Structure formats: structure tokens, C-alpha cells
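Undergrad: I'm passing along protein_25.cif; it holds mmCIF, C-alpha atoms.
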```cif
data_query
#
loop_
_atom_site.label_atom_id
_atom_site.label_comp_id
_atom_site.auth_asym_id
_atom_site.auth_seq_id
_atom_site.Cartn_x
_atom_site.Cartn_y
_atom_site.Cartn_z
CA MET S 289 -121.93 182.54 -129.21
CA ALA S 290 -122.16 184.59 -126.02
CA ASN S 291 -122.82 181.49 -123.92
CA LEU S 292 -119.52 179.92 -124.92
CA ARG S 293 -117.51 182.98 -124.03
CA LEU S 294 -119.29 183.27 -120.70
CA ILE S 295 -118.41 179.70 -119.76
CA LYS S 296 -114.83 180.23 -120.82
CA ARG S 297 -114.59 183.28 -118.60
CA ARG S 298 -115.94 181.36 -115.63
CA ILE S 299 -113.43 178.58 -116.19
CA LYS S 300 -110.65 181.14 -116.24
CA SER S 301 -111.68 182.73 -112.95
CA ALA S 302 -112.08 179.33 -111.27
CA GLN S 303 -108.57 178.49 -112.44
CA ASN S 304 -107.24 181.71 -110.98
CA ILE S 305 -108.90 181.03 -107.66
CA SER S 306 -107.55 177.50 -107.51
CA GLN S 307 -104.07 178.83 -108.21
CA ILE S 308 -104.28 181.31 -105.34
CA THR S 309 -105.73 178.82 -102.88
CA ARG S 310 -103.12 176.27 -103.87
CA ALA S 311 -100.34 178.75 -103.18
CA MET S 312 -101.92 179.60 -99.82
CA GLN S 313 -102.18 175.92 -99.05
CA MET S 314 -98.48 175.46 -99.69
CA VAL S 315 -97.56 178.42 -97.50
CA ALA S 316 -99.79 177.16 -94.69
CA ALA S 317 -98.34 173.66 -95.05
CA SER S 318 -94.78 174.83 -94.57
CA LYS S 319 -95.77 177.05 -91.66
CA MET S 320 -97.75 174.19 -90.17
CA LYS S 321 -94.76 171.87 -90.28
CA LYS S 322 -92.73 174.35 -88.29
CA ALA S 323 -95.45 175.20 -85.79
CA GLN S 324 -96.39 171.56 -85.39
CA GLY S 325 -92.79 170.61 -84.64
CA LEU S 326 -92.60 173.28 -81.95
CA ALA S 327 -95.96 172.37 -80.44
CA VAL S 328 -95.23 168.66 -80.31
CA SER S 329 -91.66 168.93 -79.03
CA GLY S 330 -92.72 171.36 -76.30
CA ARG S 331 -95.40 169.06 -74.99
CA PRO S 332 -93.31 166.69 -72.85
CA TYR S 333 -91.73 169.63 -71.07
CA ALA S 334 -95.08 171.28 -70.41
CA GLU S 335 -96.51 168.05 -69.04
CA LYS S 336 -93.47 167.33 -66.88
CA ILE S 337 -93.39 170.77 -65.32
CA ALA S 338 -97.11 170.67 -64.64
CA GLU S 339 -96.68 167.32 -62.92
CA MET S 340 -93.68 168.57 -60.97
CA VAL S 341 -95.45 171.71 -59.76
CA THR S 342 -98.60 169.86 -58.72
CA LYS S 343 -96.62 167.30 -56.77
CA PHE S 344 -94.50 169.98 -55.16
CA VAL S 345 -97.39 172.27 -54.30
CA ALA S 346 -99.32 169.39 -52.75
CA ARG S 347 -96.56 168.95 -50.19
CA ILE S 348 -96.23 172.49 -48.97
CA ASP S 349 -98.36 175.01 -47.17
CA PRO S 350 -100.26 177.14 -49.69
CA GLU S 351 -99.85 180.16 -47.45
CA GLN S 352 -96.21 180.35 -48.42
CA HIS S 353 -96.77 182.04 -51.74
CA PRO S 354 -99.41 184.55 -52.93
CA LEU S 355 -99.87 182.64 -56.20
CA LEU S 356 -101.04 179.59 -54.26
CA LYS S 357 -103.63 181.41 -52.21
CA GLU S 358 -107.16 181.77 -53.40
CA ASN S 359 -108.40 185.29 -53.96
CA THR S 360 -111.92 185.86 -52.75
CA ASN S 361 -112.52 189.16 -54.53
CA GLY S 362 -111.48 190.26 -57.95
CA LYS S 363 -112.53 189.36 -61.43
CA ASP S 364 -112.25 186.36 -63.65
CA LEU S 365 -109.64 186.85 -66.33
CA VAL S 366 -109.98 185.05 -69.65
CA ILE S 367 -107.05 184.89 -72.04
CA LEU S 368 -108.45 184.27 -75.49
CA ILE S 369 -106.08 183.08 -78.21
CA THR S 370 -107.47 183.31 -81.74
CA THR S 371 -105.90 184.15 -85.08
CA ASN S 372 -105.14 187.49 -86.68
CA LYS S 373 -106.21 186.42 -90.13
CA GLY S 374 -109.21 184.54 -91.36
CA LEU S 375 -109.41 181.95 -94.15
CA CYS S 376 -108.92 179.09 -91.75
CA GLY S 377 -112.28 177.35 -91.91
CA GLY S 378 -114.32 177.13 -88.76
CA LEU S 379 -111.38 177.41 -86.38
CA ASN S 380 -112.23 180.72 -84.74
CA THR S 381 -115.97 180.22 -85.03
CA ASN S 382 -115.78 176.93 -83.17
CA LEU S 383 -113.62 178.43 -80.45
CA LEU S 384 -115.89 181.42 -79.95
CA ARG S 385 -118.95 179.20 -79.97
CA SER S 386 -117.45 177.01 -77.24
CA LEU S 387 -116.66 180.17 -75.28
CA GLN S 388 -120.25 181.29 -75.62
CA LYS S 389 -121.51 177.92 -74.45
CA TRP S 390 -119.23 178.08 -71.48
CA PHE S 391 -120.56 181.54 -70.64
CA LYS S 392 -124.05 180.15 -70.51
CA GLU S 393 -122.97 177.53 -68.01
CA THR S 394 -121.11 179.88 -65.71
CA GLU S 395 -122.18 183.16 -64.31
CA LEU S 396 -121.27 186.12 -66.44
CA ALA S 397 -120.71 188.20 -63.34
CA SER S 398 -117.40 189.90 -63.83
CA PHE S 399 -115.20 188.67 -66.61
CA GLN S 400 -112.24 190.53 -67.98
CA TYR S 401 -110.38 189.63 -71.13
CA VAL S 402 -106.95 189.64 -72.64
CA THR S 403 -106.76 188.70 -76.30
CA LEU S 404 -104.14 187.43 -78.67
CA GLY S 405 -105.53 187.55 -82.17
CA LYS S 406 -107.70 190.17 -83.84
CA ARG S 407 -110.60 187.79 -84.47
CA GLY S 408 -111.19 187.32 -80.78
CA GLU S 409 -110.71 191.02 -80.12
CA THR S 410 -113.39 192.11 -82.62
CA TYR S 411 -115.74 189.49 -81.24
CA LEU S 412 -115.35 190.77 -77.70
CA VAL S 413 -115.54 194.41 -78.70
CA ARG S 414 -118.72 193.76 -80.61
CA GLY S 415 -120.15 191.97 -77.58
CA LYS S 416 -119.14 195.00 -75.44
CA ARG S 417 -117.11 192.95 -73.01
CA ALA S 418 -114.41 194.31 -70.72
CA LEU S 419 -111.24 194.00 -72.78
CA LEU S 420 -108.23 194.56 -70.56
CA ALA S 421 -105.44 194.25 -73.09
CA ASP S 422 -104.85 193.10 -76.63
CA PHE S 423 -101.56 191.56 -77.69
CA SER S 424 -102.41 190.96 -81.35
CA GLU S 425 -99.88 193.40 -82.76
CA LYS S 426 -96.70 191.54 -81.95
CA ILE S 427 -96.09 188.66 -84.32
CA PRO S 428 -95.23 185.85 -83.64
CA PHE S 429 -97.41 185.64 -80.55
CA SER S 430 -94.66 183.88 -78.62
CA GLN S 431 -92.99 187.30 -78.19
CA ASN S 432 -95.83 188.35 -75.92
CA ILE S 433 -95.47 185.49 -73.48
CA PRO S 434 -93.21 187.17 -70.88
CA ALA S 435 -95.35 190.33 -70.82
CA LEU S 436 -98.55 188.34 -70.60
CA THR S 437 -97.24 186.16 -67.78
CA THR S 438 -96.14 189.22 -65.82
CA LEU S 439 -99.58 190.74 -66.32
CA ILE S 440 -101.42 187.76 -64.89
CA THR S 441 -99.05 187.06 -62.00
CA ASP S 442 -98.91 190.70 -60.92
CA GLY S 443 -102.66 191.05 -61.20
CA TYR S 444 -103.24 187.88 -59.23
CA ILE S 445 -100.83 188.82 -56.47
CA LYS S 446 -102.46 192.24 -56.18
CA GLY S 447 -105.81 190.51 -55.86
CA GLU S 448 -107.29 191.90 -59.05
CA PHE S 449 -108.13 188.47 -60.41
CA LYS S 450 -109.95 185.66 -58.72
CA ARG S 451 -109.30 183.17 -61.46
CA VAL S 452 -107.28 183.12 -64.67
CA GLU S 453 -108.35 180.93 -67.57
CA ILE S 454 -106.81 180.47 -70.97
CA VAL S 455 -108.95 179.63 -73.99
CA TYR S 456 -107.35 178.33 -77.18
CA ASN S 457 -107.51 175.70 -79.90
CA ASN S 458 -105.62 172.61 -78.83
CA PHE S 459 -103.73 170.93 -81.62
CA LEU S 460 -104.65 167.25 -81.86
CA SER S 461 -103.65 166.53 -85.45
CA ALA S 462 -103.57 168.29 -88.79
CA LEU S 463 -107.22 167.39 -89.19
CA ARG S 464 -108.45 167.97 -85.67
CA GLN S 465 -108.28 170.99 -83.41
CA GLU S 466 -110.21 171.18 -80.22
CA PRO S 467 -111.41 174.30 -78.41
CA THR S 468 -109.95 174.06 -74.93
CA HIS S 469 -110.09 176.07 -71.77
CA LYS S 470 -107.65 175.59 -69.00
CA GLN S 471 -107.43 177.14 -65.58
CA LEU S 472 -104.04 178.73 -64.92
CA LEU S 473 -104.65 180.29 -61.53
CA PRO S 474 -105.23 179.44 -58.75
CA ILE S 475 -102.93 176.48 -59.17
CA LYS S 476 -104.64 174.46 -56.47
CA GLY S 477 -106.38 171.37 -57.74
CA LEU S 478 -105.59 172.26 -61.30
CA PHE S 479 -104.80 168.80 -62.55
CA ILE S 480 -107.55 166.84 -60.96
CA PRO S 481 -110.02 165.87 -63.66
CA ALA S 482 -113.66 165.86 -62.62
CA GLY S 483 -114.71 162.76 -60.72
CA GLN S 484 -111.19 161.85 -59.66
CA THR S 485 -110.02 162.22 -56.10
CA VAL S 486 -106.84 163.95 -55.05
CA GLU S 487 -103.91 161.62 -54.82
CA LYS S 488 -102.27 162.10 -51.46
CA PRO S 489 -98.49 162.25 -51.64
CA GLU S 490 -96.95 159.26 -49.92
CA ILE S 491 -93.99 161.21 -48.68
CA THR S 492 -94.19 163.18 -45.46
CA PRO S 493 -92.53 166.59 -45.47
CA LEU S 494 -89.72 165.31 -43.32
CA GLU S 495 -88.45 162.97 -45.99
CA PHE S 496 -88.38 165.65 -48.59
CA LEU S 497 -85.42 167.91 -49.24
CA VAL S 498 -85.66 171.28 -50.94
CA GLU S 499 -82.60 173.18 -52.10
CA PRO S 500 -81.94 176.01 -51.36
CA ASP S 501 -85.28 176.43 -49.50
CA VAL S 502 -89.01 176.47 -50.17
CA GLU S 503 -89.41 180.27 -50.12
CA SER S 504 -86.73 181.05 -52.64
CA ILE S 505 -87.60 178.21 -55.00
CA LEU S 506 -91.32 178.93 -55.22
CA ASP S 507 -91.04 182.26 -56.94
CA PRO S 508 -88.99 181.18 -59.98
CA LEU S 509 -90.75 177.83 -60.15
CA LEU S 510 -94.28 179.19 -60.26
CA PHE S 511 -93.40 181.98 -62.65
CA HIS S 512 -91.58 179.59 -64.93
CA TYR S 513 -94.46 177.15 -64.75
CA LEU S 514 -97.06 179.78 -65.69
CA GLU S 515 -94.93 181.08 -68.49
CA ASN S 516 -94.54 177.59 -69.82
CA GLN S 517 -98.27 176.91 -69.68
CA VAL S 518 -98.97 180.10 -71.59
CA ARG S 519 -96.26 179.24 -74.09
CA ASP S 520 -97.70 175.78 -74.60
CA ALA S 521 -101.15 177.25 -75.28
CA VAL S 522 -99.75 179.78 -77.75
CA LEU S 523 -97.79 177.13 -79.62
CA GLN S 524 -100.76 174.80 -79.75
CA ALA S 525 -102.97 177.60 -81.05
CA GLU S 526 -100.43 178.50 -83.70
CA ALA S 527 -100.12 174.92 -84.91
CA SER S 528 -103.92 174.67 -84.99
CA GLU S 529 -104.20 177.86 -87.01
CA HIS S 530 -101.82 176.77 -89.73
CA SER S 531 -103.21 173.27 -90.04
CA ALA S 532 -106.79 174.57 -90.15
CA ARG S 533 -105.81 177.06 -92.81
CA MET S 534 -104.08 174.40 -94.82
CA MET S 535 -107.15 172.17 -94.73
CA ALA S 536 -109.47 175.05 -95.64
CA MET S 537 -107.28 175.99 -98.59
CA LYS S 538 -107.01 172.39 -99.70
CA ASN S 539 -110.80 172.10 -99.71
CA ALA S 540 -111.08 175.34 -101.66
CA THR S 541 -108.59 174.09 -104.26
CA ASP S 542 -110.42 170.78 -104.58
CA ASN S 543 -113.75 172.54 -104.98
CA ALA S 544 -112.34 174.85 -107.64
CA ARG S 545 -110.98 171.85 -109.55
CA GLU S 546 -114.34 170.11 -109.43
CA PHE S 547 -116.02 173.25 -110.61
CA ILE S 548 -113.57 173.61 -113.51
CA GLU S 549 -114.29 170.05 -114.59
CA LEU S 550 -118.02 170.68 -114.57
CA LEU S 551 -117.66 173.90 -116.51
CA THR S 552 -115.36 172.32 -119.08
CA LEU S 553 -117.94 169.65 -119.72
CA GLU S 554 -120.59 172.27 -120.17
CA TYR S 555 -118.30 174.21 -122.48
CA TYR S 556 -117.81 171.25 -124.80
CA ARG S 557 -121.48 170.51 -124.81
CA ALA S 558 -122.27 174.07 -125.84
CA ARG S 559 -119.55 173.98 -128.49
CA GLN S 560 -120.88 170.74 -129.95
CA GLU S 561 -124.38 172.16 -129.99
CA LYS S 562 -123.15 175.19 -131.84
CA ILE S 563 -121.40 173.07 -134.48
CA THR S 564 -124.46 170.90 -134.95
CA TYR S 565 -126.58 173.97 -135.45
CA GLU S 566 -124.17 175.34 -137.99
CA ILE S 567 -124.10 172.11 -139.97
CA SER S 568 -127.86 171.77 -140.05
CA ASP S 569 -128.04 175.41 -141.02
CA MET S 570 -125.71 174.79 -143.94
CA VAL S 571 -127.63 171.69 -145.07
CA THR S 572 -130.98 173.46 -145.01
CA ALA S 573 -129.46 176.38 -146.89
CA ARG S 574 -128.15 174.09 -149.63
CA LEU S 575 -131.46 172.28 -149.91
CA ALA S 576 -133.23 175.57 -150.26
CA VAL S 577 -130.91 176.74 -153.04
CA SER S 578 -130.90 173.54 -155.13
CA MET K 193 -76.88 149.88 -59.50
CA THR K 194 -78.63 152.45 -61.65
CA PHE K 195 -81.65 154.76 -61.65
CA PRO K 196 -83.67 156.30 -64.50
CA LEU K 197 -82.79 159.86 -65.43
CA GLU K 198 -84.66 162.15 -67.77
CA ILE K 199 -83.46 165.53 -68.99
CA VAL K 200 -86.16 167.53 -70.73
CA THR K 201 -85.97 170.95 -72.37
CA PRO K 202 -88.77 172.91 -74.06
CA GLU K 203 -87.37 171.86 -77.45
CA ARG K 204 -86.70 168.19 -76.90
CA ILE K 205 -85.99 165.32 -74.56
CA ALA K 206 -82.25 165.70 -74.30
CA PHE K 207 -81.46 162.51 -72.38
CA THR K 208 -83.33 159.52 -71.06
CA ASP K 209 -81.60 156.41 -69.77
CA GLN K 210 -80.49 154.44 -66.74
CA VAL K 211 -77.50 156.08 -65.07
CA GLU K 212 -75.21 155.39 -62.13
CA MET K 213 -74.75 158.95 -61.00
CA VAL K 214 -75.62 162.49 -61.95
CA VAL K 215 -74.05 165.72 -60.70
CA VAL K 216 -76.08 168.90 -61.12
CA PRO K 217 -75.14 172.55 -60.51
CA THR K 218 -77.35 174.44 -58.05
CA LYS K 219 -77.18 177.91 -56.57
CA VAL K 220 -75.37 176.64 -53.51
CA GLY K 221 -72.95 174.30 -55.27
CA ASN K 222 -72.98 170.97 -57.00
CA ILE K 223 -75.25 168.16 -55.86
CA GLY K 224 -74.36 164.56 -56.66
CA ILE K 225 -77.21 162.10 -56.93
CA LEU K 226 -76.72 158.37 -56.56
CA PRO K 227 -79.34 155.63 -56.65
CA ARG K 228 -81.77 155.64 -53.68
CA HIS K 229 -81.21 159.31 -53.05
CA ILE K 230 -83.67 160.98 -50.72
CA SER K 231 -86.54 162.82 -52.42
CA LEU K 232 -85.27 166.20 -53.43
CA PHE K 233 -86.47 169.28 -55.19
CA ALA K 234 -83.91 171.89 -56.20
CA GLN K 235 -83.36 174.85 -58.42
CA LEU K 236 -80.55 174.52 -60.94
CA THR K 237 -78.33 177.22 -62.36
CA GLU K 238 -76.50 177.38 -65.65
CA GLY K 239 -73.52 175.09 -65.59
CA ILE K 240 -72.19 171.67 -66.39
CA LEU K 241 -74.17 168.56 -65.66
CA LYS K 242 -72.25 165.32 -65.31
CA ILE K 243 -73.69 161.86 -65.94
CA LYS K 244 -71.97 158.61 -65.08
CA LYS K 245 -73.10 155.60 -67.03
CA HIS K 246 -71.29 152.27 -67.50
CA GLN K 247 -68.16 153.72 -65.86
CA GLU K 248 -68.10 156.48 -68.47
CA GLU K 249 -68.71 160.15 -67.94
CA TYR K 250 -70.91 162.32 -70.12
CA TYR K 251 -71.24 166.08 -69.87
CA LEU K 252 -74.04 168.45 -70.76
CA SER K 253 -74.06 172.21 -70.73
CA ILE K 254 -77.39 173.24 -69.19
CA GLY K 255 -79.40 176.41 -68.67
CA GLY K 256 -81.32 177.19 -65.49
CA GLY K 257 -84.14 174.97 -64.33
CA PHE K 258 -85.27 172.46 -61.75
CA ILE K 259 -84.54 168.91 -60.64
CA GLU K 260 -86.91 166.54 -58.98
CA VAL K 261 -85.61 163.39 -57.39
CA ALA K 262 -88.36 160.92 -56.59
CA LYS K 263 -88.23 157.31 -55.46
CA ASP K 264 -88.74 155.87 -58.92
CA LYS K 265 -87.08 158.42 -61.16
CA THR K 266 -85.16 161.65 -61.48
CA ILE K 267 -86.31 164.43 -63.76
CA VAL K 268 -84.27 167.43 -64.80
CA LEU K 269 -86.19 170.28 -66.42
CA VAL K 270 -83.94 172.95 -67.90
CA THR K 271 -84.22 175.72 -70.46
CA ARG K 272 -81.48 174.15 -72.52
CA ALA K 273 -79.24 171.07 -72.49
CA VAL K 274 -76.49 170.47 -75.00
CA LYS K 275 -74.26 167.41 -74.96
CA SER K 276 -70.55 168.12 -75.04
CA THR K 277 -70.30 166.18 -78.30
CA GLU K 278 -72.83 168.52 -79.91
CA LEU K 279 -70.85 171.65 -79.13
CA ASN K 280 -68.98 173.47 -81.84
CA GLU K 281 -66.19 175.84 -80.83
CA GLN K 282 -66.64 178.23 -83.74
CA ASP K 283 -70.35 178.63 -83.10
CA ILE K 284 -69.79 179.28 -79.43
CA LEU K 285 -67.12 181.89 -80.06
CA LYS K 286 -69.39 183.59 -82.55
CA ALA K 287 -72.27 183.62 -80.06
CA LYS K 288 -70.00 184.94 -77.35
CA GLN K 289 -68.72 187.72 -79.56
CA ALA K 290 -72.26 188.66 -80.61
CA ALA K 291 -73.28 188.82 -76.96
CA GLU K 292 -70.24 190.94 -76.06
CA VAL K 293 -70.95 193.40 -78.85
CA ALA K 294 -74.60 193.63 -77.89
CA LEU K 295 -73.79 194.13 -74.21
CA LYS K 296 -71.41 196.99 -75.01
CA GLN K 297 -74.33 198.94 -76.39
CA LYS K 298 -75.98 198.79 -72.97
CA PRO K 299 -79.33 197.23 -73.88
CA MET K 300 -82.28 197.57 -71.52
CA GLY K 301 -84.90 195.27 -70.06
CA ALA K 302 -85.55 191.98 -71.78
CA ALA K 303 -82.72 192.39 -74.28
CA LEU K 304 -80.21 192.81 -71.47
CA THR K 305 -81.23 189.53 -69.82
CA THR K 306 -81.19 187.71 -73.14
CA TYR K 307 -77.65 188.78 -73.97
CA LYS K 308 -76.40 188.24 -70.45
CA THR K 309 -77.74 184.69 -70.57
CA LEU K 310 -76.22 184.17 -74.00
CA TYR K 311 -72.85 185.38 -72.72
CA ARG K 312 -72.89 183.17 -69.64
CA GLN K 313 -74.01 180.24 -71.77
CA SER K 314 -71.12 180.61 -74.18
CA LEU K 315 -68.67 180.82 -71.28
CA ILE K 316 -69.99 177.56 -69.86
CA ASP K 317 -69.92 175.90 -73.26
CA LEU K 318 -66.31 176.93 -73.72
CA LYS K 319 -65.37 175.61 -70.31
CA LEU K 320 -66.98 172.29 -71.11
CA LEU K 321 -65.30 172.14 -74.49
CA ARG K 322 -61.85 172.75 -72.97
CA ARG K 323 -62.46 170.07 -70.41
CA ARG K 324 -63.37 167.61 -73.13
CA LYS K 325 -60.23 168.45 -75.07
CA GLN K 326 -58.04 167.86 -72.05
CA ARG K 327 -59.52 164.45 -71.55
CA ILE K 328 -58.93 163.38 -75.09
CA HIS K 329 -55.32 164.49 -75.36
#
```
Can I see the file as C-alpha cells?
TA:
Amino acid sequence: MANLRLIKRRIKSAQNISQITRAMQMVAASKMKKAQGLAVSGRPYAEKIAEMVTKFVARIDPEQHPLLKENTNGKDLVILITTNKGLCGGLNTNLLRSLQKWFKETELASFQYVTLGKRGETYLVRGKRALLADFSEKIPFSQNIPALTTLITDGYIKGEFKRVEIVYNNFLSALRQEPTHKQLLPIKGLFIPAGQTVEKPEITPLEFLVEPDVESILDPLLFHYLENQVRDAVLQAEASEHSARMMAMKNATDNAREFIELLTLEYYRARQEKITYEISDMVTARLAVS
Amino acid sequence: MTFPLEIVTPERIAFTDQVEMVVVPTKVGNIGILPRHISLFAQLTEGILKIKKHQEEYYLSIGGGFIEVAKDKTIVLVTRAVKSTELNEQDILKAKQAAEVALKQKPMGAALTTYKTLYRQSLIDLKLLRRRKQRIH
């Protein structure tokens, strides 16, 4: 019967799909483990250096370094970290949606973009936004960090940017990733959550030693700090990508299995029906003959 | 009398404990920090970091970074920190040789800095290793 063969063919293709998604799930799982380890182990350092810089910057005159001054002109730079490949559930969609929502809240006056990840790039190109640079080609993304940091610091010092923001998926757990945007520059007031007042440092400048001196320490410190913040974002985004992909592939495998079960049931039902028909056919034939 | 010390690298928290003294390498020479040190912020260079705890001395080979001495705690943030007990002479010599070979080919830009750092790192590791050997024998 044609129906039987059709069902069998559908079972076969569902099995093939489940095999592929299972393999992709495994690959994503092993990549996730690695990326997750990096993201989690880098977190204390990122937090410590952020704390250190904020405390340090609060105690000195912001006029001492161009990265601490606020630019009045220039554009807003957004660094958008997405993935190169799809098949990772709603990861990119959620991020881009949050970006869109944020656009509605702020003025769309003069944004410029730098992207890591083709998904974000195509989205921006389609929306005809000013794309300044795209770093999607170099994989892993962590290779781009020095170049990217130089780009933003140079641009900020030259006064091309008023503000630099980084938008990425923060890795909370294998099941949860959160679209996040963080202000990188200007550094001033970066770590004061809304509603909280600035904590005044208890130490007066006189009781505070700096070796070798403030001028020569600021440059490496701020550059290192920015690079680390970018690195943290990239690592978080990478861990998010692999865990989202793993979950998406796991769901796909589960769905395929369920589908196979349903189809198998249907297959047996059809087979039984066919046999019953055949038997009744035979019986009626015999009755007719005798 | 002791004070809390934390040494953090991008990969891990290399050390966290109460210590009696710590000596860190800076651009202008070594700085020794004892309990109740004045608040300090300094840039560190590659070199050997010494920790004194329970009358015993521990050594770490560190990369560049920063130290912050506050009233309640001292934090060292460096690109790398390896305890002298974790060092392996063969590995270091191999790394040093690789760096030497790479430097002979006159690399440019980022590669040059990477190999230069690698070379300096292996030299410091070797120095630390020799010092450890002398103490044991």
C-alpha cells in the first residue's frame, strides 16, 4: 500500500534529522564547555579591574587623560556582538529585538556601528545603518579584541565618538542568556546603577600613593581595562552562543524523536488495517467460491 | 600580623589568603608591602612576586599588571601568575627556544610583542626555577 511506504519514508527522514541535530548538539556541548569555562574564569578578573579603575578614577582629576573626558561632539558608537551562524534558537533575535527597543527609547540621532558576527551585520545593513567596521571574518572573535580596542580608544581620543556602548548576550547559565548593553566610554559614572548615589572615596588624595605617577599609569591602565571589558563581552557572547545552540539542537532532537514515535504508531495501525483487509478479503473470496 | 592578599589573572584566581608580606616588581624597582601599608596604586612589570606566609616564602612568576593596596585588602591583577611549584623546566626551555626561533625571523606588529613577552617570561621563569633549586639543595 502506498500509504505504508509514505509513512516509512517520513520515519526515515525524521530519523536522519534527529541524527544530524544530535551530532550538532554534541559539538555545541563540547564547545560550550570550553567557552563557558573561559567566560566564568575570566569574570572575577573583569569585575576586579572594573572596581579598581572606578575607585582609582574617582580619586583623580578627569582632565588628566583624554579617555576620562567627556566628548561633546561626535557620534554614538555601538559594538554589536552576534553570531556568525544561525541554528541557535532565539539568541540573535532576542538581542536584536532588545536593541530595537533601546533605539525607541533613545534618540536615533547619530549612531555608528561596529559588528562582530554576520547576523548582526546583515541586520544593520538591511536597516541601512551606518556600519563603520565588521570584524566577523576572524574566528575566534577573541583575535579581534586588540584591534577593536585600538579602534574605540583612538576614535574617542580624536573626538569622533561621544559614547561607546557594547551590546551582547550575557551568559547567565546554559539555559539563560540575557541581552545586555554596557557603556564602555566615557568611563565616568559607569558603575553606578540607576537610583544609587556615588560613593565618595574616604581617602583624600594626600593619603594615596601612586607608583610611578598618575600620568604614566593611566594610559596602560585604561587601555588594559577597556580591552578586558571587550574581552569579557566577547567571551560571554561566545559562551551564550554555544549554550543556546546546544539547547536548540536538543529541542530539535527531542521533537524529532517524538515525531518518530507518532509516525511509528501510525505505521503499525496502517499495517494492521491492511492485514485485516486482506484476511476479510480472503474469507469473502472463499465464501463466494464454496 | 597578616593582611588579605588576592592575586587574580584573566584565567583564574591564582592566590587568595592571609599573608605577612608581599614583594612586587614595579617599573622603578621592588616594592615590599607589610600590613597597614599606606593606600597604593602601582603598575607592575614582569618579574618575581614574593609572598611571606607563616615564616615561609612563596614565589610566583608574574606578567605585567597592577596592584592596589587598600585599607582592608590588597589586590594584584596580572596577565599571568604561575607558582614556582607549577613550573616545569622542560616546558620553559621549549617555550624559550620557540620564542628565540620566532624572533630570529623578525616578526612584525602584534607577533613581535607576543614573542618578546614569551621570551621575557621564560627568562623570568628560569630565574625563579634556579632560585628554587638553590634553596632546596
Undergrad: One number please: CA of Ile567 (chain S) to CA of Leu294 (chain S), in Å, one decimal.
TA: 22.8 Å
Undergrad: CA of Glu554 (chain S) and CA of Asn291 (chain S) are how many Å apart?
TA: 10.2 Å
Undergrad: On this structure, the PyMOL selection byres ((chain K) within 7 of (chain S)) would catch which residues? List them as a PDB file with C-alpha atoms, in the coordinates of the input, sorted by chain and number.
TA:
```pdb
ATOM      1  CA  VAL K 200     -86.160 167.530 -70.730  1.00  0.00           C
ATOM      2  CA  THR K 201     -85.970 170.950 -72.370  1.00  0.00           C
ATOM      3  CA  PRO K 202     -88.770 172.910 -74.060  1.00  0.00           C
ATOM      4  CA  GLU K 203     -87.370 171.860 -77.450  1.00  0.00           C
ATOM      5  CA  ARG K 204     -86.700 168.190 -76.900  1.00  0.00           C
ATOM      6  CA  VAL K 220     -75.370 176.640 -53.510  1.00  0.00           C
ATOM      7  CA  ILE K 230     -83.670 160.980 -50.720  1.00  0.00           C
ATOM      8  CA  SER K 231     -86.540 162.820 -52.420  1.00  0.00           C
ATOM      9  CA  LEU K 232     -85.270 166.200 -53.430  1.00  0.00           C
ATOM     10  CA  PHE K 233     -86.470 169.280 -55.190  1.00  0.00           C
ATOM     11  CA  ALA K 234     -83.910 171.890 -56.200  1.00  0.00           C
ATOM     12  CA  GLN K 235     -83.360 174.850 -58.420  1.00  0.00           C
TER      13      GLN K 235
END
```
Undergrad: What gap, in Å, lies between CA of Gln352 (chain S) and CA of Gly443 (chain S)?
TA: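 Pair CA of Gln352 (chain S) / CA of Gly443 (chain S) returns 17.9 Å.
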Undergrad: For this structure, which residues satisfy the selection - the PyMOL selection byres ((chain S and resi 449) around 6) - when it is evaluated on the file as given? I want them as a count of residues only.
TA: 8
Undergrad: I need the residue nearest His530 (chain S) from this list: S:Arg574, S:Lys373, S:His469, S:Arg298. Use all atoms listed in the file for the distance.
TA: S:Lys373
Undergrad: Within 6 Å of region 302-319 of chain K, counting all atoms listed in the file, which residues qualify if same-chain residues fewer than 6 places away don't, as an NGL selection string?
TA: :K and (284 or 288 or 291)
Undergrad: What do you get, as JSON, numbers by chain, if you spell out every residue that the PyMOL selection byres ((chain K and resi 268-270) around 7) selects here?
TA: {"K": [198, 199, 200, 201, 254, 255, 256, 257, 258, 259, 260, 266, 267, 271, 272, 273]}
Undergrad: Which residue, K:Leu285, K:Ile205, K:Ile240, K:Ala262, has the smallest gap to Leu226 (chain K) when you use only C-alpha atoms?
TA: K:Ala262
Undergrad: So, counting all atoms listed in the file, which residue among S:Gln400, S:Asn372, S:Gln560, S:Gly408 is closest to Glu425 (chain S)?
TA: S:Asn372
Undergrad: Env of Lys470 (chain S): 7 Å cut, atoms = only C-alpha atoms, seq-sep filter 4 positions within chain, self excluded. Answer as a PyMOL selection string.
TA: chain S and resi 453-455
Undergrad: Output C-alpha atoms for every residue in the selection just made, as a PDB file, keeping the file's coordinate frame.
TA:
```pdb
ATOM      1  CA  GLU S 453    -108.350 180.930 -67.570  1.00  0.00           C
ATOM      2  CA  ILE S 454    -106.810 180.470 -70.970  1.00  0.00           C
ATOM      3  CA  VAL S 455    -108.950 179.630 -73.990  1.00  0.00           C
TER       4      VAL S 455
END
```
